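What follows is the content of structure_10.pdb (PDB, C-alpha atoms, pLDDT in the B column).
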```pdb
MODEL        1
ATOM      1  CA  THR A   1     125.182  90.168  57.570  1.00 35.00           C
ATOM      2  CA  LEU A   2     122.853  87.981  59.607  1.00 39.00           C
ATOM      3  CA  MET A   3     120.435  90.807  60.377  1.00 40.00           C
ATOM      4  CA  ASP A   4     116.980  91.119  58.855  1.00 42.00           C
ATOM      5  CA  ASP A   5     115.307  94.254  57.520  1.00 43.00           C
ATOM      6  CA  GLN A   6     113.515  95.076  60.770  1.00 48.00           C
ATOM      7  CA  GLN A   7     116.467  94.612  63.058  1.00 53.00           C
ATOM      8  CA  SER A   8     119.588  96.745  62.877  1.00 78.00           C
ATOM      9  CA  SER A   9     121.531  94.867  65.572  1.00 90.00           C
ATOM     10  CA  PHE A  10     122.751  91.302  65.897  1.00 94.00           C
ATOM     11  CA  VAL A  11     120.919  90.046  68.994  1.00 95.00           C
ATOM     12  CA  ILE A  12     122.253  87.269  71.223  1.00 96.00           C
ATOM     13  CA  GLY A  13     120.254  85.551  73.969  1.00 97.00           C
ATOM     14  CA  VAL A  14     122.240  83.933  76.791  1.00 97.00           C
ATOM     15  CA  ALA A  15     120.255  81.642  79.115  1.00 96.00           C
ATOM     16  CA  GLY A  16     121.040  79.082  81.798  1.00 92.00           C
ATOM     17  CA  GLY A  17     120.251  78.142  85.357  1.00 85.00           C
ATOM     18  CA  THR A  18     120.931  80.289  88.385  1.00 84.00           C
ATOM     19  CA  CYS A  19     124.648  81.134  88.692  1.00 83.00           C
ATOM     20  CA  SER A  20     125.546  79.109  85.604  1.00 88.00           C
ATOM     21  CA  GLY A  21     127.873  81.799  84.262  1.00 88.00           C
ATOM     22  CA  LYS A  22     125.482  83.760  82.017  1.00 93.00           C
ATOM     23  CA  THR A  23     126.719  87.143  83.211  1.00 90.00           C
ATOM     24  CA  THR A  24     130.372  86.125  82.984  1.00 90.00           C
ATOM     25  CA  VAL A  25     129.952  84.886  79.400  1.00 94.00           C
ATOM     26  CA  SER A  26     127.926  87.961  78.388  1.00 95.00           C
ATOM     27  CA  GLU A  27     130.363  90.415  79.931  1.00 92.00           C
ATOM     28  CA  ARG A  28     133.274  88.579  78.308  1.00 93.00           C
ATOM     29  CA  LEU A  29     131.554  88.871  74.898  1.00 90.00           C
ATOM     30  CA  ALA A  30     131.124  92.598  75.507  1.00 91.00           C
ATOM     31  CA  ASP A  31     134.771  92.956  76.552  1.00 91.00           C
ATOM     32  CA  LEU A  32     136.015  91.090  73.475  1.00 91.00           C
ATOM     33  CA  ALA A  33     133.852  93.061  71.049  1.00 89.00           C
ATOM     34  CA  GLY A  34     134.369  96.374  72.811  1.00 85.00           C
ATOM     35  CA  ILE A  35     131.886  97.717  75.312  1.00 78.00           C
ATOM     36  CA  GLU A  36     130.967 100.590  72.959  1.00 84.00           C
ATOM     37  CA  ARG A  37     129.887  98.049  70.306  1.00 92.00           C
ATOM     38  CA  VAL A  38     127.711  95.885  72.573  1.00 94.00           C
ATOM     39  CA  ALA A  39     124.523  96.745  74.436  1.00 95.00           C
ATOM     40  CA  LEU A  40     124.283  94.357  77.394  1.00 95.00           C
ATOM     41  CA  ILE A  41     120.856  93.805  78.914  1.00 96.00           C
ATOM     42  CA  LYS A  42     120.293  91.715  82.034  1.00 96.00           C
ATOM     43  CA  LEU A  43     116.877  90.109  82.380  1.00 97.00           C
ATOM     44  CA  ASP A  44     117.081  90.802  86.136  1.00 94.00           C
ATOM     45  CA  SER A  45     116.540  94.492  85.307  1.00 97.00           C
ATOM     46  CA  TYR A  46     113.079  93.583  84.015  1.00 97.00           C
ATOM     47  CA  TYR A  47     111.578  91.997  87.111  1.00 96.00           C
ATOM     48  CA  VAL A  48     108.017  93.276  87.505  1.00 95.00           C
ATOM     49  CA  SER A  49     107.643  96.043  90.050  1.00 93.00           C
ATOM     50  CA  LEU A  50     106.268  94.791  93.342  1.00 93.00           C
ATOM     51  CA  SER A  51     106.382  98.139  95.141  1.00 92.00           C
ATOM     52  CA  HIS A  52     102.709  97.706  96.078  1.00 94.00           C
ATOM     53  CA  LEU A  53     103.634  94.701  98.285  1.00 95.00           C
ATOM     54  CA  PRO A  54     105.304  94.806 101.703  1.00 95.00           C
ATOM     55  CA  LEU A  55     108.961  93.691 101.847  1.00 91.00           C
ATOM     56  CA  GLU A  56     108.062  90.360 103.480  1.00 90.00           C
ATOM     57  CA  GLU A  57     105.746  89.443 100.586  1.00 92.00           C
ATOM     58  CA  ARG A  58     108.268  90.612  97.966  1.00 92.00           C
ATOM     59  CA  ALA A  59     110.889  88.364  99.603  1.00 85.00           C
ATOM     60  CA  LYS A  60     108.583  85.333  99.193  1.00 86.00           C
ATOM     61  CA  PHE A  61     107.774  86.020  95.523  1.00 90.00           C
ATOM     62  CA  ASN A  62     108.951  83.422  92.986  1.00 88.00           C
ATOM     63  CA  TYR A  63     111.523  85.333  90.944  1.00 89.00           C
ATOM     64  CA  ASP A  64     112.342  82.222  88.896  1.00 87.00           C
ATOM     65  CA  HIS A  65     108.873  82.006  87.306  1.00 92.00           C
ATOM     66  CA  PRO A  66     108.085  83.527  83.902  1.00 95.00           C
ATOM     67  CA  ASN A  67     105.457  85.803  85.505  1.00 95.00           C
ATOM     68  CA  ALA A  68     108.244  87.542  87.450  1.00 95.00           C
ATOM     69  CA  PHE A  69     109.390  89.423  84.345  1.00 96.00           C
ATOM     70  CA  ASP A  70     108.043  92.380  82.387  1.00 96.00           C
ATOM     71  CA  TRP A  71     108.352  90.724  78.967  1.00 96.00           C
ATOM     72  CA  GLN A  72     106.368  93.482  77.248  1.00 95.00           C
ATOM     73  CA  LEU A  73     108.758  96.212  78.396  1.00 97.00           C
ATOM     74  CA  LEU A  74     111.841  94.184  77.460  1.00 97.00           C
ATOM     75  CA  THR A  75     110.442  93.420  73.989  1.00 95.00           C
ATOM     76  CA  GLN A  76     109.547  97.109  73.548  1.00 96.00           C
ATOM     77  CA  HIS A  77     113.071  98.105  74.563  1.00 97.00           C
ATOM     78  CA  LEU A  78     114.632  95.693  72.055  1.00 95.00           C
ATOM     79  CA  GLY A  79     112.460  97.262  69.359  1.00 93.00           C
ATOM     80  CA  MET A  80     113.666 100.719  70.363  1.00 95.00           C
ATOM     81  CA  LEU A  81     117.305  99.612  70.187  1.00 93.00           C
ATOM     82  CA  ALA A  82     116.650  98.117  66.747  1.00 88.00           C
ATOM     83  CA  ASN A  83     115.314 101.533  65.665  1.00 90.00           C
ATOM     84  CA  GLY A  84     118.499 103.213  66.858  1.00 91.00           C
ATOM     85  CA  GLU A  85     116.953 104.659  70.026  1.00 95.00           C
ATOM     86  CA  PRO A  86     118.527 104.524  73.495  1.00 97.00           C
ATOM     87  CA  ILE A  87     116.515 102.724  76.168  1.00 98.00           C
ATOM     88  CA  PRO A  88     115.896 103.472  79.869  1.00 98.00           C
ATOM     89  CA  VAL A  89     116.822 100.138  81.500  1.00 98.00           C
ATOM     90  CA  PRO A  90     115.216  99.744  84.941  1.00 97.00           C
ATOM     91  CA  ILE A  91     117.568  99.316  87.883  1.00 96.00           C
ATOM     92  CA  TYR A  92     116.650  96.451  90.183  1.00 94.00           C
ATOM     93  CA  ASP A  93     117.774  96.333  93.822  1.00 92.00           C
ATOM     94  CA  PHE A  94     118.063  92.772  95.141  1.00 86.00           C
ATOM     95  CA  THR A  95     118.267  93.951  98.756  1.00 86.00           C
ATOM     96  CA  ILE A  96     114.716  95.383  98.631  1.00 91.00           C
ATOM     97  CA  TYR A  97     113.328  92.912  96.060  1.00 90.00           C
ATOM     98  CA  ASP A  98     112.157  95.684  93.764  1.00 93.00           C
ATOM     99  CA  ARG A  99     113.036  98.147  91.036  1.00 93.00           C
ATOM    100  CA  THR A 100     114.416 101.496  92.081  1.00 94.00           C
ATOM    101  CA  THR A 101     113.078 104.744  90.639  1.00 93.00           C
ATOM    102  CA  GLU A 102     116.305 105.143  88.653  1.00 95.00           C
ATOM    103  CA  VAL A 103     117.114 103.908  85.136  1.00 97.00           C
ATOM    104  CA  ARG A 104     120.328 103.325  83.206  1.00 96.00           C
ATOM    105  CA  MET A 105     120.321 104.791  79.709  1.00 97.00           C
ATOM    106  CA  LEU A 106     121.644 102.235  77.228  1.00 97.00           C
ATOM    107  CA  PRO A 107     122.586 103.422  73.748  1.00 95.00           C
ATOM    108  CA  PRO A 108     121.938 101.259  70.669  1.00 95.00           C
ATOM    109  CA  ALA A 109     124.809  99.105  69.436  1.00 95.00           C
ATOM    110  CA  GLY A 110     125.643  96.757  66.589  1.00 94.00           C
ATOM    111  CA  THR A 111     125.359  93.796  68.947  1.00 94.00           C
ATOM    112  CA  VAL A 112     122.799  93.362  71.715  1.00 95.00           C
ATOM    113  CA  VAL A 113     123.291  90.682  74.361  1.00 96.00           C
ATOM    114  CA  VAL A 114     120.309  89.756  76.537  1.00 97.00           C
ATOM    115  CA  GLU A 115     121.179  87.461  79.430  1.00 97.00           C
ATOM    116  CA  GLY A 116     118.999  85.818  82.059  1.00 96.00           C
ATOM    117  CA  ILE A 117     117.582  82.569  83.347  1.00 93.00           C
ATOM    118  CA  LEU A 118     114.499  82.614  81.128  1.00 95.00           C
ATOM    119  CA  VAL A 119     115.461  84.662  78.071  1.00 96.00           C
ATOM    120  CA  LEU A 120     114.713  81.681  75.834  1.00 97.00           C
ATOM    121  CA  TYR A 121     111.281  81.113  77.418  1.00 95.00           C
ATOM    122  CA  GLU A 122     109.180  83.946  75.980  1.00 94.00           C
ATOM    123  CA  PRO A 123     108.453  83.242  72.255  1.00 94.00           C
ATOM    124  CA  ASP A 124     108.348  86.918  71.142  1.00 91.00           C
ATOM    125  CA  LEU A 125     111.694  87.543  72.794  1.00 94.00           C
ATOM    126  CA  ARG A 126     113.270  84.263  71.652  1.00 94.00           C
ATOM    127  CA  ASP A 127     112.281  85.012  68.034  1.00 94.00           C
ATOM    128  CA  ARG A 128     114.332  88.235  68.148  1.00 94.00           C
ATOM    129  CA  PHE A 129     117.590  86.392  68.837  1.00 96.00           C
ATOM    130  CA  ASP A 130     119.983  85.782  65.968  1.00 95.00           C
ATOM    131  CA  LEU A 131     122.059  83.535  68.225  1.00 96.00           C
ATOM    132  CA  LYS A 132     120.871  81.593  71.274  1.00 97.00           C
ATOM    133  CA  LEU A 133     123.287  80.302  73.921  1.00 96.00           C
ATOM    134  CA  TYR A 134     122.475  78.060  76.864  1.00 96.00           C
ATOM    135  CA  ILE A 135     125.105  77.835  79.592  1.00 95.00           C
ATOM    136  CA  ASP A 136     124.958  74.351  81.144  1.00 94.00           C
ATOM    137  CA  THR A 137     126.665  74.135  84.543  1.00 82.00           C
ATOM    138  CA  ASP A 138     126.362  71.409  87.178  1.00 88.00           C
ATOM    139  CA  ALA A 139     123.729  72.151  89.834  1.00 83.00           C
ATOM    140  CA  ASP A 140     126.105  71.732  92.783  1.00 88.00           C
ATOM    141  CA  LEU A 141     128.492  74.341  91.389  1.00 87.00           C
ATOM    142  CA  ARG A 142     125.598  76.709  90.620  1.00 81.00           C
ATOM    143  CA  PHE A 143     124.315  76.395  94.208  1.00 87.00           C
ATOM    144  CA  ILE A 144     127.758  77.109  95.698  1.00 86.00           C
ATOM    145  CA  ARG A 145     128.122  80.177  93.457  1.00 85.00           C
ATOM    146  CA  ARG A 146     124.642  81.392  94.439  1.00 81.00           C
ATOM    147  CA  LEU A 147     125.392  80.934  98.146  1.00 88.00           C
ATOM    148  CA  GLN A 148     128.621  82.929  97.794  1.00 90.00           C
ATOM    149  CA  ARG A 149     127.091  85.667  95.636  1.00 84.00           C
ATOM    150  CA  ASP A 150     123.887  86.193  97.590  1.00 83.00           C
ATOM    151  CA  THR A 151     125.636  86.424 100.973  1.00 88.00           C
ATOM    152  CA  ALA A 152     128.334  88.770  99.656  1.00 87.00           C
ATOM    153  CA  GLU A 153     126.322  90.964  97.265  1.00 84.00           C
ATOM    154  CA  ARG A 154     122.638  90.712  98.169  1.00 78.00           C
ATOM    155  CA  GLY A 155     122.607  90.752 101.962  1.00 81.00           C
ATOM    156  CA  ARG A 156     120.997  87.329 102.252  1.00 84.00           C
ATOM    157  CA  THR A 157     121.546  84.718 104.953  1.00 88.00           C
ATOM    158  CA  PRO A 158     122.630  81.164 104.130  1.00 85.00           C
ATOM    159  CA  ASP A 159     119.307  79.843 105.515  1.00 86.00           C
ATOM    160  CA  SER A 160     117.270  82.187 103.303  1.00 85.00           C
ATOM    161  CA  ILE A 161     119.341  81.231 100.241  1.00 82.00           C
ATOM    162  CA  ILE A 162     118.890  77.515 100.921  1.00 83.00           C
ATOM    163  CA  ALA A 163     115.138  77.924 101.439  1.00 81.00           C
ATOM    164  CA  GLN A 164     114.793  79.974  98.245  1.00 79.00           C
ATOM    165  CA  TYR A 165     116.901  77.518  96.280  1.00 80.00           C
ATOM    166  CA  LEU A 166     114.909  74.469  97.441  1.00 81.00           C
ATOM    167  CA  GLU A 167     111.476  75.989  96.861  1.00 79.00           C
ATOM    168  CA  PRO A 168     111.174  78.213  93.796  1.00 72.00           C
ATOM    169  CA  VAL A 169     114.664  77.998  92.252  1.00 73.00           C
ATOM    170  CA  ARG A 170     115.454  74.275  92.053  1.00 75.00           C
ATOM    171  CA  PRO A 171     112.048  73.197  90.702  1.00 72.00           C
TER     172      PRO A 171
ENDMDL
END
```
Please, can you express the file's structure as structure tokens?
Amino acid sequence: TLMDDQQSSFVIGVAGGTCSGKTTVSERLADLAGIERVALIKLDSYYVSLSHLPLEERAKFNYDHPNAFDWQLLTQHLGMLANGEPIPVPIYDFTIYDRTTEVRMLPPAGTVVVEGILVLYEPDLRDRFDLKLYIDTDADLRFIRRLQRDTAERGRTPDSIIAQYLEPVRP
């Protein structure tokens, strides 16, 4: 086995730019292995809570910056999974730019997949991965996917998506 003494699960990190296909690849891995054998964690669930800010300020926040994520909580949750404990994964609502008060209980599994734009950024998190994947997709295709997704699923306008893409996302 490729697991060390401290870690009971094989942990995979899947990174890539916005709308590169990270979720599709991660969900496909889970489907192939069997959803009961894979714990799938989305980095988006670990955005820091901004409930103390008004909606307008939350909408302007740079969600593509490393400071947008609660790395400590995610690292703690991976440790809990490694110890065979279920974790309370936060539920993030993109329409209000914040976490909800609800959580999704995720049981431990033999394989843990963590997917998100910056999962390879944080050294403590990156060191936990037994396998690291980076999904490289052309920027024009990623932008088209983001435009389609955010209008259909996140209640955003094309103008707001373009502005967000040009300012915090693209850089």
Review point. Applied to the shown file, which residues does the PyMOL selection byres ((chain A and resi 11) around 8) return, written as a ChimeraX atom specification?
Key: /A:9-10,12-13,111-114,128-131
Study note, to complete from the structure: The residue from A:Asp136, A:Asp64, A:Glu115, A:Asp98 with the smallest atom-to-atom distance to Ala30 of chain A, counting all atoms listed in the file, is A:Glu115
Point to revise | Explicit residue set for the PyMOL selection byres ((chain A and resi 104) around 9), as a ChimeraX atom specification | key: /A:87-91,102-103,105-106
Could you tell me which residues the PyMOL selection byres ((chain A and resi 79) around 12) grabs in this file, written as an mmCIF file with C-alpha atoms, in the frame of the given file?
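So out-v7.cif came out as:
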```cif
data_model
loop_
_atom_site.group_PDB
_atom_site.id
_atom_site.type_symbol
_atom_site.label_atom_id
_atom_site.label_comp_id
_atom_site.auth_asym_id
_atom_site.auth_seq_id
_atom_site.Cartn_x
_atom_site.Cartn_y
_atom_site.Cartn_z
ATOM 1 C CA GLN A 6 113.515 95.076 60.770
ATOM 2 C CA GLN A 7 116.467 94.612 63.058
ATOM 3 C CA SER A 8 119.588 96.745 62.877
ATOM 4 C CA SER A 9 121.531 94.867 65.572
ATOM 5 C CA VAL A 11 120.919 90.046 68.994
ATOM 6 C CA GLN A 72 106.368 93.482 77.248
ATOM 7 C CA LEU A 73 108.758 96.212 78.396
ATOM 8 C CA LEU A 74 111.841 94.184 77.460
ATOM 9 C CA THR A 75 110.442 93.420 73.989
ATOM 10 C CA GLN A 76 109.547 97.109 73.548
ATOM 11 C CA HIS A 77 113.071 98.105 74.563
ATOM 12 C CA LEU A 78 114.632 95.693 72.055
ATOM 13 C CA MET A 80 113.666 100.719 70.363
ATOM 14 C CA LEU A 81 117.305 99.612 70.187
ATOM 15 C CA ALA A 82 116.650 98.117 66.747
ATOM 16 C CA ASN A 83 115.314 101.533 65.665
ATOM 17 C CA GLY A 84 118.499 103.213 66.858
ATOM 18 C CA GLU A 85 116.953 104.659 70.026
ATOM 19 C CA PRO A 86 118.527 104.524 73.495
ATOM 20 C CA ILE A 87 116.515 102.724 76.168
ATOM 21 C CA PRO A 108 121.938 101.259 70.669
ATOM 22 C CA VAL A 112 122.799 93.362 71.715
ATOM 23 C CA ASP A 124 108.348 86.918 71.142
ATOM 24 C CA LEU A 125 111.694 87.543 72.794
ATOM 25 C CA ARG A 128 114.332 88.235 68.148
#
```
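Atom CA of Gly155 of chain A lies 18.9 Å from atom CA of Leu50 of chain A.
Residue nearest Val25 of chain A within the list A:Thr100, A:Tyr134, A:Leu55, A:Asn67: A:Tyr134 [criterion: smallest interatomic distance, only C-alpha atoms].
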Point to revise | Asn62 of chain A environment, 10 Å, all atoms listed in the file, sequence neighbours closer than 3 positions dropped, as a ChimeraX atom specification | key: /A:58-59,65-68,164,167-169
